[in-house]
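Undergrad: Got a structure for you, questions after.
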Amino acid sequence: MEKILHKERIDDWISALTGWEVLSPALEDGIWAYRPVSGAVRLDHPNTTQPPKGLAFPQREVFFSFEQIKGEAPRLTQILPDTVQRAVFGVRPCDGRGAVRMDRVFGDHVEDTYYQARRKNVAYVGLACNQPPSANCFCLSVGGSPVSTDGLDVLLTDLGDRYFVAAVTETGKALMTAANSLFDEPADADRQQLKSVHTEALAQPQRAVHNPDAVPAKLKASFKSPLWEELARACIGCGICTFLCPTCHCFDINDEVTGSAPLKGNRVRTWDNCQFPDFTMHTSGHNPRPTVGARLRQRVCHKFQYFPENFGMPQCTGCGRCISECPVGIDIVSVVNKVVEHAG
Amino acid sequence: MSEPETYEPKIVAFLCKWCSSAGSDLAGVSRIQYPANATPITVPCSGSISPLYILSAFNKGADGVLLSGCHIGDCHYIEGNYLARRKIYLIKELLEFVGVEPDRFRMSWVSAAEGAKYAQVVKDFVADLKPLGPQDKLKADRT
Amino acid sequence: MINVRDIRDAARDLLAKGEVRAVIGYRRGSRGMAAEPVVITAPEQADELVWDPTCFHNLALYLVEDRKFLAHSRKAPGAPIAIIAKGCDARAIVVLMQEHYFKREEVYIIGVSCEGVGVLDERKLAGHVPGTPTDAAFEGDDFVFTTPEGEKRLPAREVMADRCLECRAPFPKEHNVVFGEDKTGRELAAPFAALARFEEQGATERWDFWRRQFERCIRCFACRSVCPMCYCDECVVDSITFPVAPETTADEKANRIRWIERSAVRSENITYHMTRAMHLAGRCIDCGECERVCPVNIPLRLLNNKMEREARERFGYEPGASIGAASLVASFNDSDPGSFIR
Ligand code: SF4
Ligand code: SF4
Ligand code: SF4
């Protein structure tokens with residue numbers, strides 16, 4: 001299903017989505033974040049600081065609560081996610097592709113009940129990047145594209161005063177059908193303009209990983225390279241790069257005690273982070289990834305070697321967030337290039 | 001927010017072992033009537049209090065936190081309460097800075113002989129806390 | 001004005017003569033125009049060093065890293081390590097020495113004065129320059145940016161970091177060698193100006209403000225990781241808050257105090273940030289790095305500034321002023337305020 005939507009009608013479309021909570025990028029406290037829509041939606045954002053990943057995989061979620069009265073068996077109460085349907089407007093293609101990867105991780109080998117319950121209620125209305133939204137975009141190097149529809153339910157392309165709206169999935173069609181009368185049929189001129197806008201978008205200069213196909217093998221050969229320590233020398237071991245990543249998915253599970261008589265609390269899952277020094281710390285005190293170099297290698301090889309080995313695609317989607325936000329300029333594109341170059 | 005009839009504020013009272021804890025015992029054995037809202041925690045010295053104890057008490061649901069030690073000049077460790085005075089001044093300022101009601105935190109000097117003073121400090125604290133209602137700014141919101 | 005060649009010459013010379021074993025400095029990064037920290041060990045690397053408005057990082061952090069590395073590898077330090085330090089960075093180094101983290105003779109401070117300016121706040125740049133600038137340079141009281149549309153000159157104070165506008169000591173008093181003029185007292189903005197503006201609000205507004213900030217924190221710990229004063233091997237917020245030995249029992253592990261839960265929710269975030277502010281009282285030298293790195297824009301400087309101003313006004317304490325001074329919370333005066341105590 002392909003349609004034309006005049007820009008001033010986007011708010012009417014959103015209001016027509018009864019039964020959906022609609023989110024769109026908003027500039028709040030100096031950062032772009034997905035927020036429930038209030039007022040007019042104008043999709044003129046760069047990329048958001050955080051991807052929409054948290055809607056399906058929140059930074060914290062409660063699995064179940066527990067309570068034990070002395071002498072009795074512990075009582076567990078499962079806590080399932082809410083069932084609100086959420087449509088996210090303005091998702092960039094790299095983040096749509098991020099969702100594809102998350103779906104594989106939490107669906108391929110084991111079905112993660114909590115993730116799936118949330119995921120099936122989220123729809124992504126993407127926005128093609130006519131211009132790279134960040135100076136650190138490199139989606140073309142990781143099999144993506146500024147007009148990719150992977151993982152999206154709808155793709156909008158900005159044609160000046162109107163959007164070209166293409167449904168990608170059945171959910172996408174349903175979102176469009178909910179407001180049928182607002183859309184126009186695309187004319188030939190619209191299709192032509194779409195084509196030229198997409199061609200131009202694909203021709204925009206980006207950062208580049210050189211020879212991407214060779215990367216997994218070269219990384220594999222570089223596991224023991226001394227370069228890792230050197231390249232990670234400035235790394236401060238914070239969690240920015242992975243907490244802002246659309247595809248990082250490591251987590252930790254803890255019991256949070258909320259009361260002692262009777263003993264009660266919650267079992268919660270929170271994001272964890274391979275760049276934190278204690279991520280791999282064993283109870284014995286031994287740490288198999290004791291240095292910044294070992295941790296940088298883990299992050300880079302997971303994205304560019306292990307994930308391709310396991311799932312046949314790079315995990316990184318080229319959004320550039322970890323580059324833009326790293327406090328000390330650790331730059332995944334140049335790290336990959338340097339290690340690959342060094343491997344010869 | 002406040003329920004003046006039924007609401008009883010929970011107070012965590014950090015009392016130094018040498019003076020204020022003994023002072024509270026004296027209040028007890030002297031059968032001085034004072035509210036039972038304070039849960040005492042004996043600490044070696046007012047100077048041994050980490051600001052984290054105070055924040056943690058609020059996090060675990062205290063409506064008010066009291067810290068009490070020996071009078072200036074009487075510290076068993078000579079200068080522990082001088083150090084406390086400085087450190088606690090800072091945490092008190094910080095609490096107010098982020099918008100926590102100043103009356104939620106209190107510090108006092110109570111000697112081992114001042115059972116009556118201890119009772120009065122608790123009485124006043126309870127009276128000041130009641131109108132504020134339950135403390136929920138720093139309380140764990142992990143449900 | 002500082003000529004970067006002087007800095008390079010000094011570094012090259014020190015390394016060539018073996019007077020230092022490494023120089024911690026700045027070089028061009030690969031992310032846009034921003035400089036990045038670098039540790040050079042050979043004289044010929046000195047030409048990589050840069051000095052421009054994007055040298056915002058407080059490199060004292062890497063002295064801490066170096067110290068930890070040496071301690072861990074049980075290596076004798078040998079020659080001192082050199083570091084390029086702005087006024088605020090040098091104050092950080094003084095605090096570290098005051099706390100006996102390392103000795104004065106183990107560090108060689110190559111001071112750089114900020115003169116009439118300071119460093120760039122990249123967030124302020126939006127709307128001031130077209131496109132993404134590829135280079136930034138000091139020029140008197142201006143910054144000059146190279147942009148896709150040519151050179152763009154801006155008065156530095158329009159895009160400088162707040163901490164630099166408010167800086168009282170833009171000159172590294174503690175140094176072995178120093179470049180640039182001492183313009184202490186230049187007064188670009190009143191000290192604690194942002195703090196004073198914030199405090200005009202009432203308690204309700206202040207709480208609404210902080211609640212919002214703390215709810216947003218994602219606990220990436222960049223603020224802690226970037227801070228040269230946050231050098232503890234174990235932090236109260238980490239899951240490892242006590243050493244686990246083979247003889248540690250399961251009960252002991254289960255019953256260890258978890259002061260702050262891992263959940264990035266308001267109450268835990270607030271406990272983290274307030275504890276950190278307390279641990280930095282009298283130690284934070286206002287390099288503003290925590291605020292710069294925060295990916296969600298939490299104005300952390302306000303908390304630290306509050307402590308700094310209280311320390312100054314109530315206790316006459318100036319962090320980073322003297323290696324020999326007693327630390328703020330390990331000292332006292334008879335005249336310390338006490339009227340708040342009943
Ligand atoms: S690479 Fe950068 S963002 Fe990631 S942990 Fe290191 S310093 Fe933090
Ligand atoms: S805070 Fe002062 S010394 Fe530090 S960079 Fe800014 S002006 Fe320079
Ligand atoms: S840098 Fe910002 S988001 Fe990260 S832990 Fe610090 S305050 Fe929170």
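Here's how to read the names in the structure tokens: chain A, B, ... by the order shown, residue numbers from 1 in each chain, ligand numbers from 1 in the order shown.
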Where does chain C meet ligand 3 within 10 Å, residue by residue, with the nearest atom pair and distance in Å to one decimal for each, counting only C-alpha atoms and all ligand atoms, listed by chain and rising number, as CSV?
TA:
residue,atom,partner,partner_atom_place_in_ligand_line,distance
C:Gln213,CA,ligand 3,7 (S),8.3
C:Phe214,CA,ligand 3,7 (S),7.6
C:Glu215,CA,ligand 3,8 (Fe),9.2
C:Arg216,CA,ligand 3,3 (S),7.0
C:Cys217,CA,ligand 3,8 (Fe),3.8
C:Ile218,CA,ligand 3,3 (S),4.4
C:Arg219,CA,ligand 3,5 (S),3.5
C:Cys220,CA,ligand 3,4 (Fe),3.9
C:Phe221,CA,ligand 3,5 (S),3.7
C:Ala222,CA,ligand 3,1 (S),4.3
C:Cys223,CA,ligand 3,1 (S),4.2
C:Arg224,CA,ligand 3,6 (Fe),6.6
C:Ser225,CA,ligand 3,1 (S),8.6
C:Val226,CA,ligand 3,1 (S),8.9
C:Ala264,CA,ligand 3,8 (Fe),8.6
C:Asn269,CA,ligand 3,8 (Fe),7.5
C:Ile270,CA,ligand 3,7 (S),9.7
C:Tyr272,CA,ligand 3,5 (S),8.7
C:His273,CA,ligand 3,7 (S),7.5
C:Glu289,CA,ligand 3,1 (S),9.6
C:Cys290,CA,ligand 3,1 (S),6.3
C:Glu291,CA,ligand 3,1 (S),7.2
C:Arg292,CA,ligand 3,1 (S),8.4
C:Val293,CA,ligand 3,1 (S),5.9
C:Cys294,CA,ligand 3,1 (S),3.6
C:Pro295,CA,ligand 3,2 (Fe),5.7
C:Val296,CA,ligand 3,3 (S),5.5
C:Asn297,CA,ligand 3,2 (Fe),6.5
C:Ile298,CA,ligand 3,7 (S),5.6
C:Pro299,CA,ligand 3,7 (S),8.0
C:Leu300,CA,ligand 3,7 (S),6.8
Undergrad: Ligand 2: which residues are within 8 Å, counting only C-alpha atoms and all ligand atoms? Reply as a list in words.
TA: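 Checked against 8 Å with only C-alpha atoms and all ligand atoms; the hits are Phe56, Lys86, Gly87, Cys88, Asp89, Ser113, Cys114, Glu115, Gly116, Val117, Gly118, Val119, Ala161, Arg163, Cys164, Leu165, Glu166, Cys167, Arg168, Ala169, Pro170, Phe171, Pro172, Asp286, Cys287 and Gly288 of chain C.
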Undergrad: Would you write out, as a Markdown table, a table of all residues in chain A that have an atom no more than 8 Å from an atom of chain C, listing for each the closest atom pair and the distance in Å to one decimal, considering only C-alpha atoms and ordering rows by chain and rising residue number?
TA:
| residue | atom | partner | partner_atom | distance |
| --- | --- | --- | --- | --- |
| A:Asp29 | CA | C:Asn297 | CA | 6.9 |
| A:Gly30 | CA | C:Asn297 | CA | 6.6 |
| A:Ile31 | CA | C:Val296 | CA | 6.3 |
| A:Thr49 | CA | C:Pro295 | CA | 7.4 |
| A:Gln59 | CA | C:Ala264 | CA | 7.4 |
| A:Arg60 | CA | C:Ser263 | CA | 6.0 |
| A:Ala135 | CA | C:Thr132 | CA | 7.1 |
| A:Asn136 | CA | C:Arg31 | CA | 7.4 |
| A:Arg233 | CA | C:Val38 | CA | 7.6 |
| A:Ala234 | CA | C:Pro37 | CA | 6.0 |
| A:Ile236 | CA | C:Ser225 | CA | 5.6 |
| A:Gly237 | CA | C:Ser225 | CA | 6.5 |
| A:Cys238 | CA | C:Ala222 | CA | 4.6 |
| A:Gly239 | CA | C:Cys220 | CA | 4.3 |
| A:Ile240 | CA | C:Cys220 | CA | 5.6 |
| A:Phe243 | CA | C:Cys220 | CA | 6.8 |
| A:Glu256 | CA | C:Glu261 | CA | 7.2 |
| A:Thr270 | CA | C:Ser263 | CA | 6.2 |
| A:Asp278 | CA | C:Ile240 | CA | 7.4 |
| A:Thr283 | CA | C:Val244 | CA | 6.3 |
| A:Ser284 | CA | C:Ala245 | CA | 6.2 |
| A:Gly285 | CA | C:Val244 | CA | 6.5 |
| A:Ile323 | CA | C:Arg31 | CA | 6.8 |
| A:Ser324 | CA | C:Arg31 | CA | 7.0 |
| A:Glu325 | CA | C:Pro295 | CA | 6.5 |
| A:Cys326 | CA | C:Val293 | CA | 7.8 |
| A:Pro327 | CA | C:Val293 | CA | 5.4 |
| A:Val328 | CA | C:Glu36 | CA | 5.6 |
| A:Gly329 | CA | C:Glu36 | CA | 5.6 |
| A:Asp331 | CA | C:Arg31 | CA | 6.9 |
| A:Ser334 | CA | C:Ser30 | CA | 7.1 |
Undergrad: What's around Tyr89 (chain B) at 12 Å? Count only C-alpha atoms, leave out sequence neighbours fewer than 4 positions away in its own chain, and write the answer as an MDAnalysis selection string.
TA: (chainID B and resid 51 67 81:85 93:96 102 105:107) or (chainID C and resid 278 281 307 310:311 314:315 329 332 336:341)
Undergrad: What residues in chain B have any atom no more than 8 Å from chain C when counting only C-alpha atoms, and can you write them as a PDB file with C-alpha atoms, in the first residue's frame?
TA:
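Contents of iface35.pdb, freshly written:
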ATOM      1  CA  PRO B  51      25.810  10.752  54.372  1.00  0.00           C
ATOM      2  CA  LEU B  52      24.874   7.517  52.652  1.00  0.00           C
ATOM      3  CA  LEU B  55      20.098   8.922  52.228  1.00  0.00           C
ATOM      4  CA  SER B  56      19.621   5.206  52.665  1.00  0.00           C
ATOM      5  CA  ASN B  59      15.357   5.542  50.585  1.00  0.00           C
ATOM      6  CA  TYR B  82      33.448  18.541  65.052  1.00  0.00           C
ATOM      7  CA  LEU B  83      33.906  16.557  61.870  1.00  0.00           C
ATOM      8  CA  ARG B  85      29.138  19.120  62.278  1.00  0.00           C
ATOM      9  CA  ARG B  86      30.880  20.051  59.048  1.00  0.00           C
ATOM     10  CA  LYS B  87      29.940  17.006  57.029  1.00  0.00           C
ATOM     11  CA  TYR B  89      26.004  20.697  57.449  1.00  0.00           C
ATOM     12  CA  LEU B  90      26.848  19.879  53.842  1.00  0.00           C
ATOM     13  CA  ILE B  91      24.386  17.011  53.467  1.00  0.00           C
ATOM     14  CA  LEU B  94      22.269  19.359  49.736  1.00  0.00           C
ATOM     15  CA  GLU B  96      17.388  21.312  50.917  1.00  0.00           C
ATOM     16  CA  PHE B  97      18.992  22.191  47.616  1.00  0.00           C
ATOM     17  CA  VAL B  98      17.195  19.413  45.754  1.00  0.00           C
ATOM     18  CA  GLY B  99      13.948  20.416  47.399  1.00  0.00           C
ATOM     19  CA  VAL B 100      13.586  18.054  50.364  1.00  0.00           C
ATOM     20  CA  GLU B 101      11.787  19.776  53.268  1.00  0.00           C
ATOM     21  CA  ARG B 106      17.546  17.021  62.265  1.00  0.00           C
ATOM     22  CA  MET B 107      20.729  16.988  64.271  1.00  0.00           C
ATOM     23  CA  SER B 108      21.101  17.423  68.007  1.00  0.00           C
ATOM     24  CA  TRP B 109      23.629  17.205  70.797  1.00  0.00           C
ATOM     25  CA  VAL B 121      14.021  16.558  70.630  1.00  0.00           C
ATOM     26  CA  LYS B 137      10.756  12.155  47.423  1.00  0.00           C
ATOM     27  CA  LEU B 138      13.709   9.999  48.330  1.00  0.00           C
ATOM     28  CA  LYS B 139      11.779   6.835  49.060  1.00  0.00           C
ATOM     29  CA  ALA B 140      12.410   3.830  46.833  1.00  0.00           C
ATOM     30  CA  ASP B 141      10.102   3.900  43.839  1.00  0.00           C
ATOM     31  CA  ARG B 142      10.905   0.399  42.732  1.00  0.00           C
TER      32      ARG B 142
END
Undergrad: Using only C-alpha atoms, which protein or nucleic acid residues come within 8 Å of region 146-161 of chain A? Drop anything in the same chain fewer than 5 positions from it, and give the result as a PyMOL selection string.
TA: chain A and resi 6-7+92-94+96-100+123-130+132+139-140+166-173+193-194+197-198+201-202
Undergrad: Dump as a list in words the residues of chain A that approach chain B to within 12 Å, counting only C-alpha atoms.
TA: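 Applying the cut-off to the listed atoms yields Arg60, Glu61, Val62, Phe63, Phe64, Ser65, Phe66, Ile79, Asp255, Glu256, Val257, Thr258, Gly259, Ser260, Lys264, Gly265, Asn266, Arg267 and Val268 of chain A.
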